[in-house]
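Engineer: Input: one structure, supplied below.
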Amino acid sequence: MPITIAIAEDNPFLLRAIRDKLDLYTDLELVLVANNGQDLLDQLAPLTHLPDLILMDIEMPQLDGIAATAAVKRLYPSVKVVMLTVIDNHDNILRAIQAGANGYLLKEVRPPVLHQSILQTLDGGAAMTPAIALKALQLLRQAPPPNTPTPEVEEVQLTKRELEILQHLSQGKTSTQIAEQLFRSPKTIRNHIENIYKKLQAHSKVEAIEAARKRFLL
């Protein structure tokens, strides 16, 4: 049986490049392609046979790769997720690992390395390019000692509409722009934003986005 692969990628040119790399190996079968995190979750929901592994981009509209990874690991813990991205900063590496990613590769990865990384991940390993592994090691060195207490983050329940609006806010959209896109009045959107701020104990958009990311809501 071939290894079944899903891809979440919104750039058609990069998607084509990834598909070309996978096509080189007969033991890999691409079974699902999504153009953002929400599209991925929508396509996974009705499946009886889930893909073995997802290659996940980070920066995508509607639902980014890190939030989508957290959702996949919560809903389908047996599915492996490898981030495949051009972004290699410390913040994204840490957030991806915290969200449950099983590996982190850059899109420039050569086909043999990608193939071997997929096999390694399904065998229980954690696939990382050397540059990413070095940054992950630096993050570990900067982490507090094991016995250091960490502040608890209060769990917050946002509605589906509030999560949708929060995602738009994180993309820099104004309440008027969100209202136009969601076919709602600006007043309704502002009421939702006010509720989001209250639930996240935030006083600004920046604070709300930061609080949401700490809770993996974004």
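Following the order of the structure tokens, first chain is A, next is B, and so on, with residues numbered from 1 inside each chain and ligands from 1 in the order they appear.
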Might you pull out every residue within 12 Å of Thr188 of chain A, with only C-alpha atoms counted and same-chain residues fewer than 3 positions away left off, and present them as a PyMOL selection string?
Structural biologist: chain A and resi 161-162+165+175-176+178-180+182-185+191-195
Engineer: Going by DSSP on the backbone, which bits of segment 15-210 of chain A are helix (DSSP H, G or I)? Write them as a VMD selection string, please.
Structural biologist: chain A and resid 15 to 22 37 to 44 65 to 75 90 to 99 111 to 122 130 to 142 160 to 170 175 to 182 186 to 200 205 to 210
Engineer: Pull the closest atom pair for each residue of segment 91-122 of chain A that gets at most 12 Å from segment 70-80 of chain A, along with the distance in Å to one decimal, counting only C-alpha atoms, ordering rows by chain and then ascending residue number, as a tab-separated table.
Structural biologist:
```
residue	atom	partner	partner_atom	distance
A:Arg95	CA	A:Ala70	CA	9.7
A:Ala96	CA	A:Ala70	CA	8.4
A:Ile97	CA	A:Ala70	CA	9.6
A:Gln98	CA	A:Ala70	CA	8.3
A:Ala99	CA	A:Ala70	CA	4.6
A:Gly100	CA	A:Ala70	CA	6.2
A:Ala101	CA	A:Lys80	CA	7.5
A:Asn102	CA	A:Lys80	CA	6.1
A:Gly103	CA	A:Lys80	CA	8.6
A:Tyr104	CA	A:Lys80	CA	11.6
A:Ser117	CA	A:Lys80	CA	11.6
A:Ile118	CA	A:Lys80	CA	9.2
A:Leu119	CA	A:Lys80	CA	10.9
A:Gln120	CA	A:Lys80	CA	11.0
A:Thr121	CA	A:Lys80	CA	7.3
A:Leu122	CA	A:Lys80	CA	7.1
```
Engineer: Show me, as a ChimeraX atom specification, the residues that have an atom within 9 Å of His115 of chain A when counting only C-alpha atoms, minus same-chain residues fewer than 6 positions from it.
Structural biologist: /A:21-22,25,28
Engineer: For each of A:Leu50, A:Asp23, A:Glu9, A:Leu218, take the minimum atom-to-atom distance to Glu164 of chain A, counting only C-alpha atoms, then give the residue where this is smallest.
Structural biologist: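 The closest residue to Glu164 of chain A is A:Leu218.
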Engineer: Identify, with DSSP run on backbone atoms, the residues in segment 35-143 of chain A assigned to strand (DSSP E), and express the list as a list in words.
Structural biologist: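 The strand (DSSP E) residues within segment 35-143 of chain A come out as Leu53, Ile54, Leu55, Met56, Lys80, Val81, Val82, Met83, Leu84, Thr85, Gly103, Tyr104, Leu105, Leu106, Ala127 and Met128 of chain A.
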Engineer: Can you write just those residues out, C-alpha atoms, as a compact mmCIF listing (two decimals), in the first residue's frame?
Structural biologist:
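Printed below is out05.txt as written:
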```txt
# COMPACT_ATOMS: atom_id res chain seq x y z
CA LEU A 53 0.72 12.50 6.43
CA ILE A 54 -0.03 16.16 5.67
CA LEU A 55 2.51 18.57 4.18
CA MET A 56 1.38 21.89 5.66
CA LYS A 80 1.29 13.08 10.93
CA VAL A 81 1.86 16.73 10.01
CA VAL A 82 5.07 18.12 8.54
CA MET A 83 5.34 21.86 8.05
CA LEU A 84 6.64 22.64 4.56
CA THR A 85 7.28 26.36 4.36
CA GLY A 103 8.43 17.88 11.43
CA TYR A 104 9.47 21.17 9.90
CA LEU A 105 11.05 21.43 6.43
CA LEU A 106 11.78 24.27 4.04
CA ALA A 127 11.92 15.44 10.23
CA MET A 128 13.87 18.70 10.17
```
Engineer: Return the single residue from A:Leu163, A:Val31, A:Ile5, A:Ile18 that is closest to Ala212 of chain A, with distances computed using only C-alpha atoms.
Structural biologist: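 Distance minimum relative to Ala212 of chain A lands on A:Leu163.
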Engineer: So the first atom is atom CA of Gln157 of chain A and the second is atom CA of Ala6 of chain A; what is the distance between them in Å, to one decimal place?
Structural biologist: 29.0 Å
Engineer: Here is a test: counting only C-alpha atoms, which residue of A:Ala34, A:Ala8, A:Ile3, A:Leu24 is nearest to Arg110 of chain A?
Structural biologist: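 Going through A:Ala34, A:Ala8, A:Ile3, A:Leu24 one by one, the smallest distance to Arg110 of chain A is for A:Leu24.
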Engineer: What's the separation between atom CA of Lys107 of chain A and atom CA of Leu14 of chain A, in Å to one decimal place?
Structural biologist: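 Separation of atom CA of Lys107 of chain A and atom CA of Leu14 of chain A: 8.1 Å.
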Engineer: Could you tell me which of A:Pro61, A:Leu158, A:Val33, A:Arg215 comes closest to Lys198 of chain A if we count only C-alpha atoms?
Structural biologist: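 When distances to Lys198 of chain A are compared using only C-alpha atoms, the smallest one comes from A:Leu158.
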Engineer: So what do you get for atom CA of Ile87 of chain A versus atom CA of Glu59 of chain A, distance-wise?
Structural biologist: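 Separating atom CA of Ile87 of chain A from atom CA of Glu59 of chain A is a distance of 8.6 Å.
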Engineer: Just checking: using only C-alpha atoms, which residue out of A:Ala17, A:Ile7, A:Ala126, A:Thr69 ends up closest to Val109 of chain A?
Structural biologist: A:Ala17
Engineer: So, with only C-alpha atoms as the atoms that count, which of A:Gly37, A:Gly172, A:Pro111, A:Pro46 lies closest to Asp20 of chain A?
Structural biologist: A:Pro111
